[in-house]
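Chemist: Okay, so here is entry_3.txt, and as you'll see once you scroll down, it has compact mmCIF, C-alpha atoms.
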```
# COMPACT_ATOMS: atom_id res chain seq x y z
CA MET A 12 -79.83 -19.07 79.85
CA ARG A 13 -81.19 -20.26 83.19
CA LEU A 14 -84.06 -22.69 82.95
CA ILE A 15 -86.72 -22.45 85.62
CA GLY A 16 -89.71 -24.47 86.79
CA PRO A 17 -90.08 -27.96 85.33
CA TYR A 18 -87.44 -27.05 82.71
CA GLY A 19 -84.87 -26.70 85.44
CA GLN A 20 -85.25 -30.34 86.44
CA LYS A 21 -83.17 -32.83 84.56
CA GLY A 22 -85.15 -34.76 82.01
CA ILE A 23 -88.59 -33.36 82.70
CA GLY A 24 -88.52 -30.48 80.27
CA ALA A 25 -87.00 -32.52 77.47
CA LEU A 26 -89.11 -33.78 74.64
CA SER A 27 -89.48 -37.53 74.33
CA LEU A 28 -90.51 -39.80 71.52
CA GLY A 29 -94.25 -39.91 71.20
CA ASP A 30 -94.77 -36.43 72.71
CA GLU A 31 -97.32 -34.23 71.02
CA PHE A 32 -97.41 -30.52 71.60
CA ILE A 33 -99.02 -27.44 70.20
CA VAL A 34 -97.51 -24.11 69.23
CA GLY A 35 -100.03 -21.49 68.20
CA ARG A 36 -102.53 -23.45 66.13
CA THR A 37 -100.17 -26.08 64.82
CA GLY A 38 -99.80 -29.53 66.37
CA PHE A 39 -96.43 -31.30 66.45
CA SER A 40 -95.39 -34.82 67.33
CA VAL A 41 -91.95 -36.09 68.24
CA ASN A 42 -90.97 -39.05 66.09
CA ARG A 43 -88.00 -41.22 65.26
CA PHE A 44 -89.04 -41.40 61.64
CA ASP A 45 -91.63 -39.65 59.52
CA TYR A 46 -94.54 -41.73 58.34
CA GLY A 47 -98.04 -41.50 56.93
CA VAL A 48 -101.07 -43.75 57.29
CA SER A 49 -104.25 -43.95 55.28
CA GLU A 50 -107.07 -46.30 56.26
CA ALA A 51 -110.12 -46.45 54.02
CA ILE A 52 -113.14 -48.71 54.34
CA GLY A 53 -113.83 -48.64 50.58
CA ALA A 54 -117.06 -50.30 49.44
CA ARG A 55 -117.06 -52.87 52.25
CA PRO A 56 -119.64 -52.68 55.05
CA THR A 57 -116.98 -53.16 57.76
CA MET A 58 -113.39 -52.09 58.31
CA GLU A 59 -111.30 -55.03 59.49
CA ASP A 60 -107.82 -53.65 58.68
CA ARG A 61 -105.62 -52.38 61.48
CA THR A 62 -102.39 -50.36 61.30
CA ILE A 63 -99.87 -49.73 64.06
CA VAL A 64 -96.77 -47.55 64.37
CA ILE A 65 -94.60 -47.86 67.47
CA GLN A 66 -91.76 -45.36 67.24
CA SER A 67 -89.98 -46.41 70.39
CA PHE A 68 -90.37 -50.15 70.66
CA MET A 69 -87.95 -51.14 73.43
CA TYR A 70 -87.34 -47.92 75.27
CA GLU A 71 -90.18 -46.99 77.58
CA HIS A 72 -89.92 -44.59 80.45
CA PRO A 73 -92.77 -43.78 82.82
CA LEU A 74 -94.24 -40.29 82.85
CA ASN A 75 -92.03 -39.18 79.96
CA ILE A 76 -89.14 -38.67 82.35
CA TYR A 77 -85.67 -39.92 81.50
CA ASN A 78 -85.64 -41.90 84.73
CA GLY A 79 -82.00 -41.12 85.28
CA GLU A 80 -81.11 -43.37 82.37
CA PRO A 81 -77.98 -42.08 80.65
CA LYS A 82 -78.44 -41.25 77.01
CA ASP A 83 -75.67 -43.60 75.93
CA THR A 84 -77.76 -46.60 76.95
CA LEU A 85 -79.95 -45.70 74.01
CA ASN A 86 -77.88 -48.04 71.93
CA GLU A 87 -78.74 -50.14 68.95
CA LEU A 88 -81.16 -52.32 70.89
CA SER A 89 -83.20 -49.48 72.27
CA MET A 90 -83.32 -47.82 68.88
CA THR A 91 -86.01 -50.15 67.78
CA SER A 92 -89.28 -49.32 66.07
CA PHE A 93 -92.14 -51.45 64.82
CA VAL A 94 -94.81 -50.88 62.17
CA ALA A 95 -97.50 -53.24 60.92
CA VAL A 96 -100.55 -53.64 58.69
CA PHE A 97 -103.11 -56.33 59.58
CA ASP A 98 -105.89 -57.20 57.13
CA GLY A 99 -108.63 -58.99 59.06
CA HIS A 100 -111.29 -61.28 57.62
CA GLY A 101 -114.42 -62.87 59.08
CA GLY A 102 -114.60 -60.19 61.78
CA ASP A 103 -112.16 -57.77 63.35
CA GLU A 104 -111.36 -59.80 66.51
CA CYS A 105 -108.14 -61.23 65.13
CA SER A 106 -106.72 -58.00 63.65
CA ASN A 107 -107.66 -56.17 66.88
CA PHE A 108 -105.91 -58.83 68.95
CA LEU A 109 -102.75 -58.59 66.83
CA THR A 110 -102.29 -54.84 67.33
CA GLU A 111 -101.70 -55.53 71.03
CA ALA A 112 -100.39 -59.09 71.18
CA LEU A 113 -97.86 -59.24 68.34
CA PRO A 114 -95.74 -56.25 69.45
CA ARG A 115 -96.04 -57.44 73.06
CA ASN A 116 -94.75 -60.91 72.19
CA ILE A 117 -91.92 -59.64 69.97
CA ARG A 118 -90.83 -57.23 72.70
CA LYS A 119 -90.96 -60.01 75.30
CA GLN A 120 -88.97 -62.36 73.10
CA MET A 121 -86.36 -59.66 72.38
CA LEU A 122 -85.95 -58.99 76.08
CA LEU A 123 -85.48 -62.73 76.70
CA GLU A 124 -82.73 -62.77 74.07
CA LYS A 125 -81.41 -59.33 74.98
CA ASP A 126 -77.91 -60.41 75.99
CA ALA A 127 -77.49 -62.67 72.96
CA ILE A 128 -78.67 -59.89 70.62
CA ARG A 129 -76.30 -57.34 72.20
CA ALA A 130 -73.39 -59.78 71.96
CA ALA A 131 -74.20 -60.56 68.31
CA ILE A 132 -74.41 -56.85 67.45
CA ASP A 133 -71.06 -56.22 69.16
CA SER A 134 -69.36 -59.05 67.29
CA SER A 135 -70.83 -57.85 63.97
CA ARG A 136 -68.69 -54.72 64.29
CA ASN A 137 -65.43 -55.08 62.45
CA PRO A 138 -62.07 -54.35 64.16
CA ARG A 139 -61.93 -50.79 62.85
CA GLY A 140 -65.14 -50.04 64.70
CA GLY A 141 -67.31 -50.11 61.62
CA HIS A 142 -70.26 -52.37 61.03
CA SER A 143 -70.43 -55.49 58.96
CA GLU A 144 -72.28 -54.92 55.71
CA LEU A 145 -73.71 -58.39 55.74
CA SER A 146 -77.45 -58.59 56.14
CA GLU A 147 -77.21 -62.29 57.02
CA ASP A 148 -75.16 -62.82 60.14
CA ALA A 149 -75.60 -63.91 63.76
CA VAL A 150 -77.84 -60.92 64.49
CA SER A 151 -80.25 -61.63 61.65
CA GLU A 152 -80.29 -65.33 62.52
CA LEU A 153 -81.26 -64.48 66.11
CA MET A 154 -83.86 -61.95 65.08
CA ARG A 155 -85.45 -64.34 62.59
CA ARG A 156 -85.90 -66.79 65.45
CA VAL A 157 -87.31 -64.06 67.71
CA ILE A 158 -89.83 -62.93 65.09
CA LYS A 159 -90.87 -66.45 64.08
CA THR A 160 -91.35 -67.54 67.71
CA SER A 161 -93.39 -64.41 68.46
CA TYR A 162 -95.65 -64.90 65.43
CA LEU A 163 -96.35 -68.55 66.31
CA LYS A 164 -96.90 -67.74 69.98
CA THR A 165 -99.29 -64.89 69.16
CA ASP A 166 -101.33 -67.14 66.88
CA LYS A 167 -101.50 -69.85 69.52
CA GLU A 168 -102.71 -67.29 72.08
CA PHE A 169 -105.51 -66.27 69.73
CA ILE A 170 -106.76 -69.68 68.60
CA SER A 171 -106.27 -71.67 71.81
CA PRO A 172 -109.25 -70.55 73.93
CA LYS A 173 -112.37 -72.68 73.33
CA SER A 174 -114.34 -69.47 72.85
CA ALA A 175 -111.86 -68.13 70.25
CA PRO A 176 -113.66 -66.49 67.31
CA GLN A 177 -113.29 -67.90 63.79
CA SER A 178 -111.88 -64.67 62.35
CA GLY A 179 -108.41 -64.39 60.89
CA SER A 180 -105.90 -61.82 59.71
CA THR A 181 -102.86 -61.25 57.54
CA ALA A 182 -99.81 -59.45 58.90
CA ALA A 183 -97.13 -57.38 57.18
CA THR A 184 -94.64 -56.10 59.74
CA VAL A 185 -91.33 -54.24 59.79
CA LEU A 186 -89.02 -54.22 62.79
CA PHE A 187 -86.36 -51.47 62.63
CA MET A 188 -83.36 -52.26 64.79
CA GLY A 189 -80.43 -49.91 64.52
CA ARG A 190 -79.20 -50.09 60.93
CA ARG A 191 -81.20 -53.19 60.13
CA ILE A 192 -84.75 -53.85 59.13
CA PHE A 193 -86.66 -57.13 59.32
CA ALA A 194 -89.74 -57.43 57.13
CA ALA A 195 -92.09 -60.32 57.85
CA ASN A 196 -95.47 -61.45 56.58
CA VAL A 197 -98.21 -64.03 56.66
CA GLY A 198 -100.91 -63.79 54.01
CA ASP A 199 -101.18 -61.29 51.17
CA SER A 200 -100.32 -57.95 52.76
CA ARG A 201 -96.98 -56.65 51.51
CA VAL A 202 -93.86 -54.74 52.45
CA VAL A 203 -92.27 -52.97 49.48
CA LEU A 204 -89.00 -51.03 49.61
CA CYS A 205 -88.17 -48.08 47.37
CA ARG A 206 -84.44 -47.92 46.81
CA SER A 207 -82.44 -45.03 45.51
CA GLY A 208 -83.86 -43.63 42.30
CA GLY A 209 -87.22 -45.37 42.63
CA GLN A 210 -86.16 -48.99 42.29
CA CYS A 211 -88.92 -51.23 43.68
CA VAL A 212 -88.02 -54.25 45.84
CA GLU A 213 -90.75 -56.50 47.24
CA LEU A 214 -89.51 -57.61 50.66
CA THR A 215 -92.37 -60.06 51.13
CA SER A 216 -94.00 -62.65 48.92
CA ASP A 217 -97.79 -63.21 49.18
CA HIS A 218 -98.94 -66.50 50.69
CA LYS A 219 -101.55 -67.47 48.14
CA PRO A 220 -102.59 -70.79 46.59
CA SER A 221 -101.15 -69.56 43.27
CA ARG A 222 -97.65 -69.98 44.74
CA PRO A 223 -96.59 -73.54 43.83
CA ASP A 224 -94.67 -74.13 47.09
CA GLU A 225 -97.64 -72.93 49.16
CA ALA A 226 -100.13 -75.07 47.22
CA ALA A 227 -97.78 -78.05 47.68
CA ARG A 228 -97.69 -77.44 51.44
CA VAL A 229 -101.51 -77.36 51.61
CA ARG A 230 -101.73 -80.60 49.60
CA ALA A 231 -99.08 -82.28 51.74
CA ALA A 232 -101.34 -81.58 54.73
CA GLY A 233 -104.21 -83.37 52.96
CA GLY A 234 -105.98 -80.20 51.77
CA PHE A 235 -106.98 -79.07 48.30
CA ILE A 236 -107.17 -75.86 46.29
CA LEU A 237 -110.48 -75.02 44.63
CA HIS A 238 -111.34 -71.75 42.88
CA LYS A 239 -107.87 -70.45 43.95
CA ARG A 240 -108.84 -70.94 47.60
CA VAL A 241 -107.73 -73.34 50.33
CA MET A 242 -110.57 -75.92 50.60
CA GLY A 243 -112.50 -73.59 48.28
CA GLU A 244 -112.82 -71.10 51.16
CA LEU A 245 -109.74 -69.16 52.18
CA ALA A 246 -107.86 -67.01 49.65
CA ILE A 247 -104.58 -67.09 51.59
CA THR A 248 -102.41 -70.04 52.63
CA ARG A 249 -100.97 -68.45 55.78
CA ALA A 250 -102.82 -66.38 58.36
CA PHE A 251 -103.27 -65.60 62.00
CA GLY A 252 -106.50 -67.03 63.41
CA ASP A 253 -108.77 -69.08 61.12
CA LYS A 254 -108.64 -71.76 63.78
CA SER A 255 -110.72 -74.30 61.85
CA PHE A 256 -107.87 -74.42 59.29
CA LYS A 257 -105.25 -75.03 61.98
CA ILE A 258 -106.48 -78.30 63.48
CA GLY A 259 -105.48 -80.56 60.59
CA ILE A 260 -107.65 -82.13 57.89
CA ARG A 261 -108.52 -85.22 59.92
CA ALA A 262 -110.01 -83.14 62.76
CA MET A 263 -111.67 -80.78 60.26
CA LEU A 264 -113.53 -83.64 58.61
CA GLU A 265 -114.48 -85.19 61.92
CA GLU A 266 -115.84 -81.84 63.06
CA ASP A 267 -117.98 -81.66 59.93
CA GLY A 268 -119.29 -85.15 60.71
CA ASP A 269 -117.72 -86.50 57.52
CA GLU A 270 -116.07 -89.88 57.49
CA LEU A 271 -112.45 -89.60 56.52
CA ASN A 272 -112.15 -91.33 53.21
CA THR A 273 -109.46 -93.70 54.37
CA ALA A 274 -109.29 -95.53 51.08
CA THR A 275 -107.99 -92.48 49.22
CA VAL A 276 -106.04 -90.67 51.92
CA ASN A 277 -104.25 -93.58 53.55
CA GLU A 278 -102.75 -94.62 50.25
CA ASP A 279 -100.52 -91.61 50.42
CA ILE A 280 -98.51 -91.96 53.58
CA SER A 281 -96.57 -88.79 52.78
CA LYS A 282 -99.54 -86.68 53.84
CA ASP A 283 -99.59 -85.40 57.40
CA LEU A 284 -103.30 -85.25 58.22
CA SER A 285 -102.80 -83.38 61.46
CA ALA A 286 -100.64 -80.59 59.98
CA PRO A 287 -102.33 -77.18 59.74
CA LEU A 288 -103.62 -76.33 56.25
CA VAL A 289 -103.09 -72.65 56.98
CA SER A 290 -99.88 -71.73 58.77
CA SER A 291 -98.92 -68.69 60.84
CA GLU A 292 -95.20 -69.13 60.25
CA PRO A 293 -93.83 -65.89 58.76
CA GLU A 294 -91.31 -65.47 55.96
CA ILE A 295 -88.71 -62.93 57.01
CA ALA A 296 -86.44 -60.65 54.98
CA SER A 297 -83.39 -59.12 56.65
CA LEU A 298 -81.69 -55.99 55.32
CA VAL A 299 -79.07 -53.45 56.30
CA CYS A 300 -80.81 -50.23 55.31
CA PHE A 301 -78.85 -47.40 56.89
CA ASP A 302 -75.16 -46.71 56.96
CA GLU A 303 -73.39 -44.99 59.81
CA ILE A 304 -73.42 -41.62 58.14
CA VAL A 305 -77.10 -41.58 57.33
CA PHE A 306 -78.15 -43.56 60.37
CA PRO A 307 -77.68 -40.96 63.12
CA SER A 308 -79.42 -38.27 61.13
CA ILE A 309 -82.59 -40.31 60.99
CA PHE A 310 -82.53 -42.65 63.93
CA ASP A 311 -80.28 -41.12 66.55
CA SER A 312 -82.14 -37.89 66.83
CA MET A 313 -85.74 -37.00 67.33
CA LEU A 314 -87.65 -35.69 64.41
CA ILE A 315 -90.38 -33.16 64.94
CA THR A 316 -93.15 -33.38 62.42
CA THR A 317 -96.36 -31.48 62.09
CA ILE A 318 -99.44 -33.60 62.64
CA PHE A 319 -102.89 -33.39 61.18
CA PHE A 320 -104.82 -30.27 61.89
CA GLY A 321 -107.76 -32.47 62.87
CA ILE A 322 -105.85 -33.89 65.79
CA LEU A 323 -106.04 -30.49 67.50
CA SER A 324 -109.45 -31.40 68.87
CA ARG A 325 -107.66 -33.89 71.12
CA PHE A 326 -105.75 -31.19 72.94
CA MET B 8 -75.40 -52.78 49.61
CA ASN B 9 -76.85 -49.42 48.78
CA HIS B 10 -77.75 -47.25 51.77
CA ASN B 11 -79.77 -44.73 49.85
CA ASP B 12 -83.04 -46.51 50.45
CA GLU B 13 -85.87 -43.99 50.29
CA PHE B 14 -89.03 -45.33 51.89
CA LEU B 15 -91.06 -48.41 52.80
CA LEU B 16 -94.63 -49.07 51.77
CA LEU B 17 -96.81 -51.49 53.73
CA ALA B 18 -100.31 -52.21 52.46
CA CYS B 19 -103.04 -54.83 52.27
CA ASP B 20 -104.44 -56.55 49.19
CA GLY B 21 -107.06 -53.79 48.83
CA LEU B 22 -104.20 -51.78 47.31
CA PHE B 23 -102.33 -54.56 45.52
CA ASP B 24 -105.51 -55.93 43.86
CA VAL B 25 -105.47 -52.79 41.71
CA PHE B 26 -101.83 -51.63 41.86
CA ARG B 27 -98.70 -53.54 40.97
CA SER B 28 -96.05 -52.97 43.65
CA GLN B 29 -93.85 -50.98 41.28
CA ASP B 30 -96.71 -48.73 40.15
CA ALA B 31 -97.63 -47.99 43.77
CA ILE B 32 -93.98 -47.20 44.56
CA ALA B 33 -93.72 -44.92 41.52
CA LEU B 34 -96.86 -42.98 42.50
CA VAL B 35 -95.77 -42.60 46.14
CA ARG B 36 -92.33 -41.42 45.06
CA GLN B 37 -93.73 -38.90 42.60
CA GLU B 38 -96.17 -37.50 45.18
CA LEU B 39 -93.54 -37.35 47.95
CA ILE B 40 -91.38 -35.26 45.63
CA ALA B 41 -94.36 -33.07 44.63
CA HIS B 42 -95.37 -32.50 48.27
CA ARG B 43 -91.79 -32.30 49.56
CA GLY B 44 -92.58 -35.11 51.98
CA GLN B 45 -95.94 -35.23 53.80
CA PRO B 46 -96.35 -39.02 53.81
CA ALA B 47 -99.82 -38.84 55.44
CA GLU B 48 -101.11 -36.77 52.53
CA VAL B 49 -99.39 -39.08 50.02
CA ALA B 50 -100.91 -42.19 51.67
CA ARG B 51 -104.34 -40.59 51.34
CA ILE B 52 -103.75 -39.83 47.65
CA LEU B 53 -102.73 -43.45 47.00
CA SER B 54 -105.78 -44.92 48.76
CA ASP B 55 -108.00 -42.46 46.89
CA GLN B 56 -106.52 -43.67 43.60
CA ALA B 57 -107.09 -47.30 44.60
CA ILE B 58 -110.73 -46.81 45.64
CA ARG B 59 -112.10 -44.03 43.45
CA VAL B 60 -110.06 -44.39 40.28
CA ARG B 61 -109.10 -48.06 40.16
CA ARG B 62 -112.25 -49.23 41.93
CA SER B 63 -110.78 -51.49 44.61
CA ARG B 64 -113.76 -52.95 46.48
CA ASP B 65 -111.83 -53.98 49.59
CA ASN B 66 -110.64 -52.09 52.70
CA VAL B 67 -107.45 -50.22 51.79
CA SER B 68 -104.76 -49.63 54.43
CA ILE B 69 -101.51 -47.92 53.54
CA LEU B 70 -98.49 -47.14 55.67
CA ILE B 71 -95.52 -45.18 54.32
CA VAL B 72 -92.30 -44.97 56.36
CA ILE B 73 -89.71 -42.42 55.21
CA LEU B 74 -86.13 -43.72 55.45
CA ARG B 75 -84.46 -40.65 53.98
CA PRO B 76 -85.80 -37.24 52.87
CA PHE B 77 -84.71 -38.05 49.33
CA TRP B 78 -86.77 -35.21 47.83
CA GLU B 79 -84.36 -32.70 49.33
CA ALA B 80 -81.31 -31.85 47.26
CA SER B 81 -78.34 -33.49 48.95
```
Would you mind writing the file out in structure tokens?
Modeler:
Amino acid sequence: MRLIGPYGQKGIGALSLGDEFIVGRTGFSVNRFDYGVSEAIGARPTMEDRTIVIQSFMYEHPLNIYNGEPKDTLNELSMTSFVAVFDGHGGDECSNFLTEALPRNIRKQMLLEKDAIRAAIDSSRNPRGGHSELSEDAVSELMRRVIKTSYLKTDKEFISPKSAPQSGSTAATVLFMGRRIFAANVGDSRVVLCRSGGQCVELTSDHKPSRPDEAARVRAAGGFILHKRVMGELAITRAFGDKSFKIGIRAMLEEDGDELNTATVNEDISKDLSAPLVSSEPEIASLVCFDEIVFPSIFDSMLITTIFFGILSRF
Amino acid sequence: MNHNDEFLLLACDGLFDVFRSQDAIALVRQELIAHRGQPAEVARILSDQAIRVRRSRDNVSILIVILRPFWEAS
């Protein structure tokens, strides 16, 4: 077969991740993995949740052209995808901000550590060319640092401006990197894994005042739990945004015009009155989820899935 | 380590206020098998259950990521 026109040029006629095309009356999209999203406002007056799916997290090429990049550079690092659910509160500014800023900061941090990550992945291969089965190794240690740094940086970006809104948001995120997945959260949105045969594994643990270690952290920062809420107000102990909970109890009380009750607080020198009551530090689970037999069939090839009929109006 | 992981479910408390994690997983699994995949349709069914049947009053966001087409006979 001789290809003509744009199909004759290398790369241009090929489908790329993220492409959407239509055959007859059916829409298709080119994906790395199949997924489904449902977003419902429920009985609330506003929708403050946000969901994102980025199939090709590291590998971007302009104009959907291969850019002369050989296929074999699509190695473990470029086979990276990112999905997230953000549950905003007190407005949608924070959850909106996260959909752009969190993936941007994780990507930036991964590129900064690119050589270290590649080296760690290479050394995790055993001499016979196979992969280590360990989910905790140099790679996961590096990636935990990347994800944690990106979360903290993103939060700082949001709360630092003087004009920053008071809104906040949870985050439940999954970073797929080669055979590994990293699930991270702040707040009470969850990542749950279904293993073979329907076995349920919660990869995240909610950050709520009912968790003894979380309540202890809030108290150690001079805060209290009332009606199952931090300072009687916030139902979660970790979040993005919520800047008034990040400045420390001393500054919070000063802002309210209250005198810090030095008699009671100063007695307990173990309390850090400038520590944030609500933290944006994520907890991160690291797993090896795909083996080398299953892995190429899902991640090494593109998957063409039909998309909603409703999306046809966009064409 | 078992590499036959089937899917991931990400959701906010609007779902987990009215569903235990394992019940949500069981429903998603059952519907994925019944629909031979179609995670978008299954996500919609789950949020419908949460809002209309179990009366969750919050926003409900659900994201299902398929790791393996486990509903197909191997």
Chemist: Write out as a list in words the residues lying within 9 Å of Gly233 in chain A, counting all atoms listed in the file and excluding same-chain residues fewer than 5 positions away.
Modeler: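 Counting only the stated atoms, we get Arg228, Gly259, Ile260, Arg261, Val276, Lys282, Asp283, Leu284, Ser285, Ala286 and Leu288 of chain A.
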Chemist: I need the contact residues of chain B against chain A, so if you could list those with any atom within 9 Å, counting all atoms listed in the file, and return them as a VMD selection string, that would help.
Modeler: chain B and resid 8 to 21 23 28 to 30 32 to 33 36 44 to 55 58 to 59 62 to 75 77
Chemist: Please, what distance in Å, to one decimal, runs between CA of Tyr162 in chain A and CA of Ile117 in chain A?
Modeler: 7.9 Å
Chemist: Between CA of Val60 in chain B and CA of Glu244 in chain A, what is the distance, to one decimal in Å?
Modeler: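 We find that CA of Val60 in chain B and CA of Glu244 in chain A lie 29.0 Å from each other.
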Chemist: Which protein, DNA or RNA residues have an atom at most 10 Å from (-112.1, -62.9, 69.0), counting all atoms listed in the file? List them as a PyMOL selection string.
Modeler: chain A and resi 102-108+169-170+172+174-179+252
Chemist: Mind pulling up the distance from CA of Asp133 in chain A to CA of Pro293 in chain A?
Modeler: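 One can read the CA of Pro293 in chain A to CA of Asp133 in chain A distance as 26.8 Å.
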Chemist: Using the file's own x, y and z axes, so that the box edges lie along x, y and z, what centre and edge lengths in Å (one decimal) does a box around every listed atom of range 54-59 of chain B get when 6 Å is added on each side? Give it as JSON.
Modeler:
```
{"center_x": -108.9, "center_y": -44.9, "center_z": 46.1, "size_x": 18.3, "size_y": 16.8, "size_z": 17.3}
```
Chemist: Hey, which of A:Ala131, A:Met121, A:Ala231, A:Met242 ends up closest to Glu147 in chain A? Count all atoms listed in the file.
Modeler: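 Closest to Glu147 in chain A of all the choices is A:Ala131.
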